[in-house]
Each structure stands twice: as structure tokens, then as C-alpha cells.
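Data file: my_file-v2.pdb. Format and content: PDB, C-alpha atoms, pLDDT in the B column.
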ATOM      1  CA  MET P   1     -11.007  -6.636  -8.507  1.00 93.00           C
ATOM      2  CA  ARG P   2      -9.934  -4.804 -11.665  1.00 96.00           C
ATOM      3  CA  VAL P   3      -9.710  -1.047 -11.208  1.00 97.00           C
ATOM      4  CA  TYR P   4      -8.897   1.666 -13.719  1.00 98.00           C
ATOM      5  CA  ILE P   5      -6.734   4.554 -12.528  1.00 98.00           C
ATOM      6  CA  PRO P   6      -6.964   7.757 -14.605  1.00 98.00           C
ATOM      7  CA  THR P   7      -3.712   9.595 -15.094  1.00 97.00           C
ATOM      8  CA  THR P   8      -1.603  11.556 -17.582  1.00 97.00           C
ATOM      9  CA  LEU P   9       1.645  10.752 -19.399  1.00 97.00           C
ATOM     10  CA  PRO P  10       3.801  12.877 -17.022  1.00 97.00           C
ATOM     11  CA  ALA P  11       2.156  11.246 -13.997  1.00 96.00           C
ATOM     12  CA  LEU P  12       2.734   7.818 -15.576  1.00 97.00           C
ATOM     13  CA  ALA P  13       6.402   8.761 -16.003  1.00 97.00           C
ATOM     14  CA  GLU P  14       6.558   9.717 -12.311  1.00 96.00           C
ATOM     15  CA  ALA P  15       4.910   6.429 -11.338  1.00 96.00           C
ATOM     16  CA  HIS P  16       7.346   4.525 -13.534  1.00 96.00           C
ATOM     17  CA  ALA P  17      10.331   6.273 -11.919  1.00 96.00           C
ATOM     18  CA  ALA P  18       8.939   5.632  -8.433  1.00 96.00           C
ATOM     19  CA  GLY P  19       7.801   2.096  -9.215  1.00 96.00           C
ATOM     20  CA  ARG P  20       4.352   2.831  -7.810  1.00 96.00           C
ATOM     21  CA  MET P  21       1.174   4.786  -8.265  1.00 95.00           C
ATOM     22  CA  GLY P  22       0.398   6.810  -5.230  1.00 90.00           C
ATOM     23  CA  PRO P  23       0.326   8.020  -2.606  1.00 92.00           C
ATOM     24  CA  ALA P  24      -2.957   6.637  -1.347  1.00 91.00           C
ATOM     25  CA  PRO P  25      -5.778   7.285  -1.500  1.00 94.00           C
ATOM     26  CA  LEU P  26      -6.052   6.967  -5.270  1.00 95.00           C
ATOM     27  CA  ASP P  27      -9.183   7.747  -7.256  1.00 94.00           C
ATOM     28  CA  ALA P  28     -10.105   4.992  -9.684  1.00 96.00           C
ATOM     29  CA  TYR P  29     -13.050   3.376 -11.443  1.00 96.00           C
ATOM     30  CA  ALA P  30     -14.395  -0.165 -11.241  1.00 96.00           C
ATOM     31  CA  VAL P  31     -17.496  -2.243 -11.761  1.00 94.00           C
ATOM     32  CA  THR P  32     -19.591  -1.094  -8.803  1.00 90.00           C
ATOM     33  CA  PRO P  33     -23.210  -2.035  -8.038  1.00 87.00           C
ATOM     34  CA  ALA P  34     -24.341   1.400  -9.265  1.00 85.00           C
ATOM     35  CA  LEU P  35     -22.428   0.975 -12.530  1.00 88.00           C
ATOM     36  CA  ARG P  36     -24.002  -2.464 -13.019  1.00 87.00           C
ATOM     37  CA  GLU P  37     -27.462  -0.999 -12.470  1.00 85.00           C
ATOM     38  CA  TRP P  38     -26.831   1.962 -14.786  1.00 84.00           C
ATOM     39  CA  TYR P  39     -25.290  -0.105 -17.592  1.00 82.00           C
ATOM     40  CA  VAL P  40     -27.888  -2.887 -17.292  1.00 78.00           C
ATOM     41  CA  SER P  41     -25.642  -5.713 -18.391  1.00 78.00           C
ATOM     42  CA  ASP P  42     -24.411  -8.951 -16.897  1.00 81.00           C
ATOM     43  CA  ASP P  43     -21.473  -9.131 -19.308  1.00 89.00           C
ATOM     44  CA  LEU P  44     -18.387  -8.435 -17.186  1.00 90.00           C
ATOM     45  CA  GLU P  45     -16.331  -7.427 -20.223  1.00 92.00           C
ATOM     46  CA  GLU P  46     -18.903  -4.768 -21.167  1.00 93.00           C
ATOM     47  CA  LEU P  47     -19.062  -3.530 -17.589  1.00 94.00           C
ATOM     48  CA  GLU P  48     -15.271  -3.282 -17.359  1.00 95.00           C
ATOM     49  CA  TYR P  49     -15.253  -1.350 -20.633  1.00 95.00           C
ATOM     50  CA  ALA P  50     -17.787   1.056 -19.097  1.00 94.00           C
ATOM     51  CA  ALA P  51     -15.501   1.502 -16.052  1.00 96.00           C
ATOM     52  CA  LEU P  52     -12.515   2.065 -18.374  1.00 97.00           C
ATOM     53  CA  THR P  53     -14.522   4.698 -20.252  1.00 95.00           C
ATOM     54  CA  ARG P  54     -15.354   6.472 -16.978  1.00 95.00           C
ATOM     55  CA  ALA P  55     -11.634   6.471 -16.102  1.00 97.00           C
ATOM     56  CA  ALA P  56     -10.820   7.909 -19.546  1.00 97.00           C
ATOM     57  CA  GLN P  57     -13.293  10.718 -18.839  1.00 96.00           C
ATOM     58  CA  ALA P  58     -11.519  11.364 -15.532  1.00 96.00           C
ATOM     59  CA  SER P  59      -8.173  11.420 -17.342  1.00 97.00           C
ATOM     60  CA  LEU P  60      -9.634  14.081 -19.652  1.00 97.00           C
ATOM     61  CA  ARG P  61     -10.473  16.140 -16.557  1.00 96.00           C
ATOM     62  CA  LEU P  62      -6.854  15.832 -15.403  1.00 97.00           C
ATOM     63  CA  LEU P  63      -5.749  17.137 -18.797  1.00 97.00           C
ATOM     64  CA  ALA P  64      -8.198  20.042 -18.542  1.00 96.00           C
ATOM     65  CA  VAL P  65      -6.560  21.287 -15.326  1.00 96.00           C
ATOM     66  CA  ASN P  66      -3.024  20.669 -16.637  1.00 93.00           C
ATOM     67  CA  PRO P  67      -2.910  22.534 -19.969  1.00 91.00           C
ATOM     68  CA  ASP P  68       0.840  22.026 -20.458  1.00 93.00           C
ATOM     69  CA  VAL P  69       0.520  18.228 -20.476  1.00 94.00           C
ATOM     70  CA  ARG P  70       0.550  16.225 -23.703  1.00 94.00           C
ATOM     71  CA  ARG P  71      -3.099  15.702 -24.686  1.00 96.00           C
ATOM     72  CA  ARG P  72      -3.463  11.938 -24.479  1.00 97.00           C
ATOM     73  CA  ARG P  73      -5.774  10.241 -22.008  1.00 98.00           C
ATOM     74  CA  VAL P  74      -4.062   7.553 -19.924  1.00 98.00           C
ATOM     75  CA  VAL P  75      -5.637   4.833 -17.790  1.00 98.00           C
ATOM     76  CA  VAL P  76      -3.750   2.183 -15.829  1.00 98.00           C
ATOM     77  CA  ALA P  77      -5.595  -1.100 -15.261  1.00 98.00           C
ATOM     78  CA  VAL P  78      -4.702  -2.878 -12.031  1.00 97.00           C
ATOM     79  CA  ASP P  79      -6.008  -5.949 -10.247  1.00 94.00           C
ATOM     80  CA  VAL P  80      -6.215  -5.307  -6.506  1.00 93.00           C
ATOM     81  CA  ALA P  81      -7.651  -7.092  -3.513  1.00 92.00           C
ATOM     82  CA  ASP P  82     -11.283  -6.182  -2.830  1.00 90.00           C
ATOM     83  CA  GLU P  83     -10.380  -4.890   0.633  1.00 92.00           C
ATOM     84  CA  ALA P  84      -8.102  -2.256  -0.947  1.00 92.00           C
ATOM     85  CA  VAL P  85     -11.118  -0.665  -2.681  1.00 93.00           C
ATOM     86  CA  ARG P  86     -13.694   1.603  -1.080  1.00 92.00           C
ATOM     87  CA  HIS P  87     -16.772   3.082  -2.668  1.00 85.00           C
ATOM     88  CA  ASP P  88     -19.603   5.183  -1.329  1.00 81.00           C
ATOM     89  CA  PRO P  89     -22.885   3.496  -2.299  1.00 75.00           C
ATOM     90  CA  ASP P  90     -24.807   6.735  -1.785  1.00 73.00           C
ATOM     91  CA  ARG P  91     -22.438   8.741  -3.988  1.00 72.00           C
ATOM     92  CA  GLY P  92     -22.569   5.892  -6.498  1.00 61.00           C
ATOM     93  CA  LEU P  93     -26.156   6.884  -7.250  1.00 67.00           C
ATOM     94  CA  ASP P  94     -24.923  10.216  -8.628  1.00 75.00           C
ATOM     95  CA  PRO P  95     -24.589   9.790 -12.430  1.00 76.00           C
ATOM     96  CA  ALA P  96     -21.349  11.794 -12.309  1.00 79.00           C
ATOM     97  CA  ALA P  97     -19.847   9.265  -9.876  1.00 85.00           C
ATOM     98  CA  LEU P  98     -20.770   5.982 -11.570  1.00 88.00           C
ATOM     99  CA  GLY P  99     -18.033   3.426 -11.027  1.00 92.00           C
ATOM    100  CA  GLU P 100     -16.005   5.773  -8.840  1.00 94.00           C
ATOM    101  CA  VAL P 101     -13.925   4.052  -6.169  1.00 95.00           C
ATOM    102  CA  ARG P 102     -10.987   4.936  -3.967  1.00 94.00           C
ATOM    103  CA  LEU P 103      -7.920   2.768  -3.460  1.00 95.00           C
ATOM    104  CA  THR P 104      -6.760   2.735   0.137  1.00 94.00           C
ATOM    105  CA  ARG P 105      -3.155   1.879  -0.686  1.00 94.00           C
ATOM    106  CA  GLU P 106      -0.597   2.874  -3.263  1.00 93.00           C
ATOM    107  CA  VAL P 107      -0.204   0.417  -6.114  1.00 93.00           C
ATOM    108  CA  PRO P 108       3.155  -1.007  -7.182  1.00 94.00           C
ATOM    109  CA  LEU P 109       3.380  -0.385 -10.916  1.00 93.00           C
ATOM    110  CA  GLY P 110       4.515  -3.982 -11.300  1.00 90.00           C
ATOM    111  CA  GLU P 111       0.972  -5.029 -10.349  1.00 90.00           C
ATOM    112  CA  ALA P 112      -0.539  -3.181 -13.312  1.00 95.00           C
ATOM    113  CA  ALA P 113      -2.226  -5.428 -15.840  1.00 96.00           C
ATOM    114  CA  ALA P 114      -2.088  -2.947 -18.734  1.00 97.00           C
ATOM    115  CA  VAL P 115      -1.949   0.692 -19.712  1.00 98.00           C
ATOM    116  CA  HIS P 116      -4.529   2.274 -22.027  1.00 98.00           C
ATOM    117  CA  VAL P 117      -3.470   5.402 -23.930  1.00 98.00           C
ATOM    118  CA  ASP P 118      -4.815   7.501 -26.785  1.00 97.00           C
ATOM    119  CA  ALA P 119      -3.090   7.160 -30.144  1.00 96.00           C
ATOM    120  CA  ASP P 120      -1.176  10.166 -31.461  1.00 94.00           C
ATOM    121  CA  ASP P 121      -3.981  10.961 -33.903  1.00 95.00           C
ATOM    122  CA  ALA P 122      -6.407  11.524 -31.012  1.00 97.00           C
ATOM    123  CA  GLU P 123      -4.451  14.451 -29.567  1.00 96.00           C
ATOM    124  CA  LYS P 124      -6.261  17.156 -31.548  1.00 96.00           C
ATOM    125  CA  ASP P 125      -9.722  15.943 -30.488  1.00 97.00           C
ATOM    126  CA  VAL P 126      -8.631  15.244 -26.902  1.00 97.00           C
ATOM    127  CA  SER P 127      -7.105  18.718 -26.673  1.00 97.00           C
ATOM    128  CA  ALA P 128     -10.311  20.323 -27.956  1.00 97.00           C
ATOM    129  CA  ALA P 129     -12.345  18.224 -25.509  1.00 97.00           C
ATOM    130  CA  ALA P 130     -10.154  19.224 -22.554  1.00 97.00           C
ATOM    131  CA  ASP P 131     -10.491  22.887 -23.538  1.00 96.00           C
ATOM    132  CA  ALA P 132     -14.290  22.582 -23.871  1.00 97.00           C
ATOM    133  CA  LEU P 133     -14.877  20.663 -20.636  1.00 96.00           C
ATOM    134  CA  GLY P 134     -15.717  23.689 -18.471  1.00 94.00           C
ATOM    135  CA  ALA P 135     -18.296  24.992 -20.942  1.00 97.00           C
ATOM    136  CA  ALA P 136     -19.766  21.490 -21.327  1.00 96.00           C
ATOM    137  CA  ASP P 137     -20.113  21.205 -17.545  1.00 94.00           C
ATOM    138  CA  ALA P 138     -21.962  24.541 -17.608  1.00 96.00           C
ATOM    139  CA  GLY P 139     -24.515  23.123 -20.065  1.00 95.00           C
ATOM    140  CA  ASP P 140     -23.146  24.251 -23.442  1.00 97.00           C
ATOM    141  CA  ASP P 141     -24.389  21.640 -25.946  1.00 97.00           C
ATOM    142  CA  ASP P 142     -21.762  22.499 -28.576  1.00 97.00           C
ATOM    143  CA  ALA P 143     -19.010  22.106 -25.989  1.00 97.00           C
ATOM    144  CA  GLN P 144     -20.511  18.767 -24.895  1.00 96.00           C
ATOM    145  CA  PHE P 145     -20.426  17.632 -28.529  1.00 96.00           C
ATOM    146  CA  THR P 146     -16.711  18.503 -28.599  1.00 97.00           C
ATOM    147  CA  VAL P 147     -16.101  16.634 -25.338  1.00 96.00           C
ATOM    148  CA  ASP P 148     -17.975  13.600 -26.655  1.00 95.00           C
ATOM    149  CA  GLY P 149     -15.723  13.692 -29.729  1.00 94.00           C
ATOM    150  CA  ALA P 150     -12.800  12.499 -27.621  1.00 95.00           C
ATOM    151  CA  GLU P 151     -14.725   9.303 -26.927  1.00 92.00           C
ATOM    152  CA  ASP P 152     -14.744   8.537 -30.636  1.00 93.00           C
ATOM    153  CA  HIS P 153     -11.122   7.512 -30.100  1.00 96.00           C
ATOM    154  CA  GLU P 154     -10.561   4.123 -28.533  1.00 95.00           C
ATOM    155  CA  LEU P 155      -7.744   3.930 -26.029  1.00 97.00           C
ATOM    156  CA  LEU P 156      -4.992   1.607 -27.195  1.00 97.00           C
ATOM    157  CA  TRP P 157      -3.842  -1.293 -25.028  1.00 97.00           C
ATOM    158  CA  TYR P 158      -0.204  -1.481 -23.968  1.00 97.00           C
ATOM    159  CA  ALA P 159       1.625  -4.062 -21.889  1.00 96.00           C
ATOM    160  CA  THR P 160       3.324  -2.644 -18.823  1.00 94.00           C
ATOM    161  CA  GLN P 161       6.695  -3.463 -20.399  1.00 95.00           C
ATOM    162  CA  GLU P 162       5.895  -0.794 -23.001  1.00 96.00           C
ATOM    163  CA  ILE P 163       5.622   2.048 -20.455  1.00 96.00           C
ATOM    164  CA  PRO P 164       9.202   3.264 -21.104  1.00 95.00           C
ATOM    165  CA  ASN P 165       8.324   3.732 -24.794  1.00 94.00           C
ATOM    166  CA  LEU P 166       5.090   5.550 -23.935  1.00 94.00           C
ATOM    167  CA  ILE P 167       6.761   8.066 -21.648  1.00 93.00           C
ATOM    168  CA  ALA P 168       9.881   8.630 -23.787  1.00 88.00           C
TER     169      ALA P 168
END

For this file, produce the structure as C-alpha cells.
Amino acid sequence: MRVYIPTTLPALAEAHAAGRMGPAPLDAYAVTPALREWYVSDDLEELEYAALTRAAQASLRLLAVNPDVRRRRVVVAVDVADEAVRHDPDRGLDPAALGEVRLTREVPLGEAAAVHVDADDAEKDVSAAADALGAADAGDDDAQFTVDGAEDHELLWYATQEIPNLIA
């Protein structure tokens, strides 16, 4: 199963130094039954993109609580055995938890399929979105517009061999 682990550049650097993402449990996103139902598509590529987008939103939340971190969303894509993934079907019905899963083991970074990261030119919008997240959660429509602006930036795809360049 392909899972998407939200993180930040400093956390990616720590994972690179340690050779693993962890410790377990790890929050991640994947194509769950609830995500399939919500997205209403049978196209696996579209569904995986939806899970990646949910992970990018979770990465934004990590940035919001870590204001000193460089403002680029980071998501690590990993293929793991199905038995290493747990999800709560009841929680999956909550729109805020669509695609949410938990990995029951740490993940060797060598098992990562790819890393998705914002381009440098997204930092201004991602920073504004991270700063506006609390107000958006409280129902402020202008703040939600700012948060949604981060999603106008597509995450770039990087091979795992490029991680040293990303964290430098």
C-alpha cells in the first residue's frame, strides 16, 4: 500500500541522518475506503493524488506549530505492507480525517518511493497559509482563502537520492 507521510524539512533531515522515519506509530495518509467514497473515483492515480493532498495539508499543520521551520510542505511517499497500516473506519467518516492512517512500524528511509516538496516560490504562500490556519479552523473565510492558496502550488517530485540536496 502506498502511504504519504507528512513532515517538514528539518524532520526529513533527521530521518535522513537516522536512516528511518519514526518512531512508530507514524501518522500518514492513504487511499482508504472513506477517501474512495468521498472522492467518488475508481482511478487509483486520482485517489493517490487526493491522499497526497491530504498529507500536504497535514504538513502545513506541522509548519503552523513550528514557526521557525522553513515554510515548505514535505510529504514522503512509501510503499508498505498492508498489515503495517491501521485506520479507524469510524473516524474515517469525519471529513477532517479522510485518508488518515497510522503506521505501526517505523519506516526505513530506503523504502521511500519519492519525496514531494514545495518549490522555493511557494514559501510565501505556504507561510501565509500556516499563519492563517488557526483563524481558518475557527471559521474565518478570508483565512480559509489564504490557506487554500497554498494548494495552488503543486508539490514537486524528488527521487530519494535527492534528499541530501533538499535538506542542505

Proximity to P:Ala51 - best of P:Asp137, P:Glu100, P:Asp125, P:Asp142, only C-alpha atoms:
P:Glu100

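Against the coordinates shown, the PyMOL selection byres ((chain P and resi 5-12) around 8) returns Val3, Tyr4, Ala13, Glu14, Ala15, His16, Leu26, Asp27, Ala28, Tyr29, Ala55, Ala56, Ala58, Ser59, Leu62, Leu63, Val69, Arg70, Arg72, Arg73, Val74, Val75, Val76, Ala77, Val78, Leu166 and Ile167 of chain P.
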
Counting all atoms listed in the file, which residues come within 12 Å of (4.3, -1.8, -11.9), with the point read in the file's coordinates, and could you list them as a ChimeraX atom specification?
/P:12-22,76-79,106-115,159-164

Give me the residues within 7 Å of P:Ala130 as a PyMOL selection string, counting only C-alpha atoms and dropping any in the same chain fewer than 4 places off.
chain P and resi 60-61+63-64+126

So which residues fall inside 12 Å of (-18.7, -0.8, -20.6) if we count only C-alpha atoms? Mind giving them as number ranges by chain?
P: 29-32, 35-56, 98-99

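In this structure, atom CA of P:Phe145 sits 9.2 Å away from atom CA of P:Ala132.
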
Minimum-distance residue to P:Ala84, chosen among P:Leu156, P:Arg71, P:Pro25, P:Asn66 (using only C-alpha atoms)
P:Pro25

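Across the model, the gap from atom CA of P:Pro33 to atom CA of P:Val85 is 13.3 Å.
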
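What the PyMOL selection byres ((chain P and resi 121) around 12) matches in the given file is Arg71, Arg72, Val117, Asp118, Ala119, Asp120, Ala122, Glu123, Lys124, Asp125, Val126, Ser127, Ala150, Asp152, His153, Glu154, Leu155 and Leu156 of chain P.
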
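In this structure, atom CA of P:Ala129 sits 7.7 Å away from atom CA of P:Ala143.
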
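Comparing P:Gln57, P:His116, P:Ala128, P:Pro89 by their smallest distance to P:Trp157, the closest is P:His116 (using all atoms listed in the file).
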
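Residue nearest P:Pro23 within the list P:Glu151, P:Arg102, P:Gln144, P:Asp82: P:Arg102 [criterion: smallest interatomic distance, only C-alpha atoms].
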
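Proximity ranking of P:Ala24, P:Ala168, P:Ala34, P:Met1 relative to P:Leu103 places P:Ala24 first, based on only C-alpha atoms.
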
Please complete stretch 125-147 of chain P with N, CA and C atoms and give it back as a PDB file, keeping the file's coordinate frame.
ATOM      1  N   ASP P 125      -8.367  16.031 -31.042  1.00 97.00           N
ATOM      2  CA  ASP P 125      -9.722  15.943 -30.488  1.00 97.00           C
ATOM      3  C   ASP P 125      -9.712  15.942 -28.963  1.00 97.00           C
ATOM      4  N   VAL P 126      -8.729  15.279 -28.361  1.00 97.00           N
ATOM      5  CA  VAL P 126      -8.631  15.244 -26.902  1.00 97.00           C
ATOM      6  C   VAL P 126      -8.307  16.638 -26.375  1.00 97.00           C
ATOM      7  N   SER P 127      -7.436  17.349 -27.072  1.00 97.00           N
ATOM      8  CA  SER P 127      -7.105  18.718 -26.673  1.00 97.00           C
ATOM      9  C   SER P 127      -8.337  19.619 -26.730  1.00 97.00           C
ATOM     10  N   ALA P 128      -9.089  19.520 -27.823  1.00 97.00           N
ATOM     11  CA  ALA P 128     -10.311  20.323 -27.956  1.00 97.00           C
ATOM     12  C   ALA P 128     -11.314  19.962 -26.861  1.00 97.00           C
ATOM     13  N   ALA P 129     -11.415  18.667 -26.552  1.00 97.00           N
ATOM     14  CA  ALA P 129     -12.345  18.224 -25.509  1.00 97.00           C
ATOM     15  C   ALA P 129     -11.930  18.759 -24.147  1.00 97.00           C
ATOM     16  N   ALA P 130     -10.634  18.712 -23.839  1.00 97.00           N
ATOM     17  CA  ALA P 130     -10.154  19.224 -22.554  1.00 97.00           C
ATOM     18  C   ALA P 130     -10.435  20.719 -22.441  1.00 97.00           C
ATOM     19  N   ASP P 131     -10.240  21.440 -23.545  1.00 96.00           N
ATOM     20  CA  ASP P 131     -10.491  22.887 -23.538  1.00 96.00           C
ATOM     21  C   ASP P 131     -11.977  23.217 -23.392  1.00 96.00           C
ATOM     22  N   ALA P 132     -12.847  22.335 -23.881  1.00 97.00           N
ATOM     23  CA  ALA P 132     -14.290  22.582 -23.871  1.00 97.00           C
ATOM     24  C   ALA P 132     -14.979  22.054 -22.616  1.00 97.00           C
ATOM     25  N   LEU P 133     -14.260  21.349 -21.778  1.00 96.00           N
ATOM     26  CA  LEU P 133     -14.877  20.663 -20.636  1.00 96.00           C
ATOM     27  C   LEU P 133     -15.628  21.603 -19.699  1.00 96.00           C
ATOM     28  N   GLY P 134     -15.054  22.745 -19.375  1.00 94.00           N
ATOM     29  CA  GLY P 134     -15.717  23.689 -18.471  1.00 94.00           C
ATOM     30  C   GLY P 134     -17.041  24.172 -19.026  1.00 94.00           C
ATOM     31  N   ALA P 135     -17.059  24.533 -20.315  1.00 97.00           N
ATOM     32  CA  ALA P 135     -18.296  24.992 -20.942  1.00 97.00           C
ATOM     33  C   ALA P 135     -19.318  23.860 -21.013  1.00 97.00           C
ATOM     34  N   ALA P 136     -18.854  22.638 -21.279  1.00 96.00           N
ATOM     35  CA  ALA P 136     -19.766  21.490 -21.327  1.00 96.00           C
ATOM     36  C   ALA P 136     -20.394  21.262 -19.957  1.00 96.00           C
ATOM     37  N   ASP P 137     -19.586  21.367 -18.907  1.00 94.00           N
ATOM     38  CA  ASP P 137     -20.113  21.205 -17.545  1.00 94.00           C
ATOM     39  C   ASP P 137     -21.157  22.273 -17.215  1.00 94.00           C
ATOM     40  N   ALA P 138     -21.024  23.438 -17.847  1.00 96.00           N
ATOM     41  CA  ALA P 138     -21.962  24.541 -17.608  1.00 96.00           C
ATOM     42  C   ALA P 138     -23.216  24.421 -18.471  1.00 96.00           C
ATOM     43  N   GLY P 139     -23.304  23.359 -19.296  1.00 95.00           N
ATOM     44  CA  GLY P 139     -24.515  23.123 -20.065  1.00 95.00           C
ATOM     45  C   GLY P 139     -24.447  23.497 -21.536  1.00 95.00           C
ATOM     46  N   ASP P 140     -23.299  23.877 -22.032  1.00 97.00           N
ATOM     47  CA  ASP P 140     -23.146  24.251 -23.442  1.00 97.00           C
ATOM     48  C   ASP P 140     -23.169  22.981 -24.308  1.00 97.00           C
ATOM     49  N   ASP P 141     -24.218  22.847 -25.128  1.00 97.00           N
ATOM     50  CA  ASP P 141     -24.389  21.640 -25.946  1.00 97.00           C
ATOM     51  C   ASP P 141     -23.287  21.484 -26.991  1.00 97.00           C
ATOM     52  N   ASP P 142     -22.841  22.583 -27.584  1.00 97.00           N
ATOM     53  CA  ASP P 142     -21.762  22.499 -28.576  1.00 97.00           C
ATOM     54  C   ASP P 142     -20.464  22.026 -27.908  1.00 97.00           C
ATOM     55  N   ALA P 143     -20.195  22.536 -26.720  1.00 97.00           N
ATOM     56  CA  ALA P 143     -19.010  22.106 -25.989  1.00 97.00           C
ATOM     57  C   ALA P 143     -19.125  20.627 -25.620  1.00 97.00           C
ATOM     58  N   GLN P 144     -20.315  20.182 -25.225  1.00 96.00           N
ATOM     59  CA  GLN P 144     -20.511  18.767 -24.895  1.00 96.00           C
ATOM     60  C   GLN P 144     -20.271  17.890 -26.113  1.00 96.00           C
ATOM     61  N   PHE P 145     -20.685  18.364 -27.282  1.00 96.00           N
ATOM     62  CA  PHE P 145     -20.426  17.632 -28.529  1.00 96.00           C
ATOM     63  C   PHE P 145     -18.917  17.479 -28.742  1.00 96.00           C
ATOM     64  N   THR P 146     -18.170  18.539 -28.461  1.00 97.00           N
ATOM     65  CA  THR P 146     -16.711  18.503 -28.599  1.00 97.00           C
ATOM     66  C   THR P 146     -16.104  17.520 -27.596  1.00 97.00           C
ATOM     67  N   VAL P 147     -16.586  17.560 -26.360  1.00 96.00           N
ATOM     68  CA  VAL P 147     -16.101  16.634 -25.338  1.00 96.00           C
ATOM     69  C   VAL P 147     -16.404  15.191 -25.750  1.00 96.00           C
TER      70      VAL P 147
END
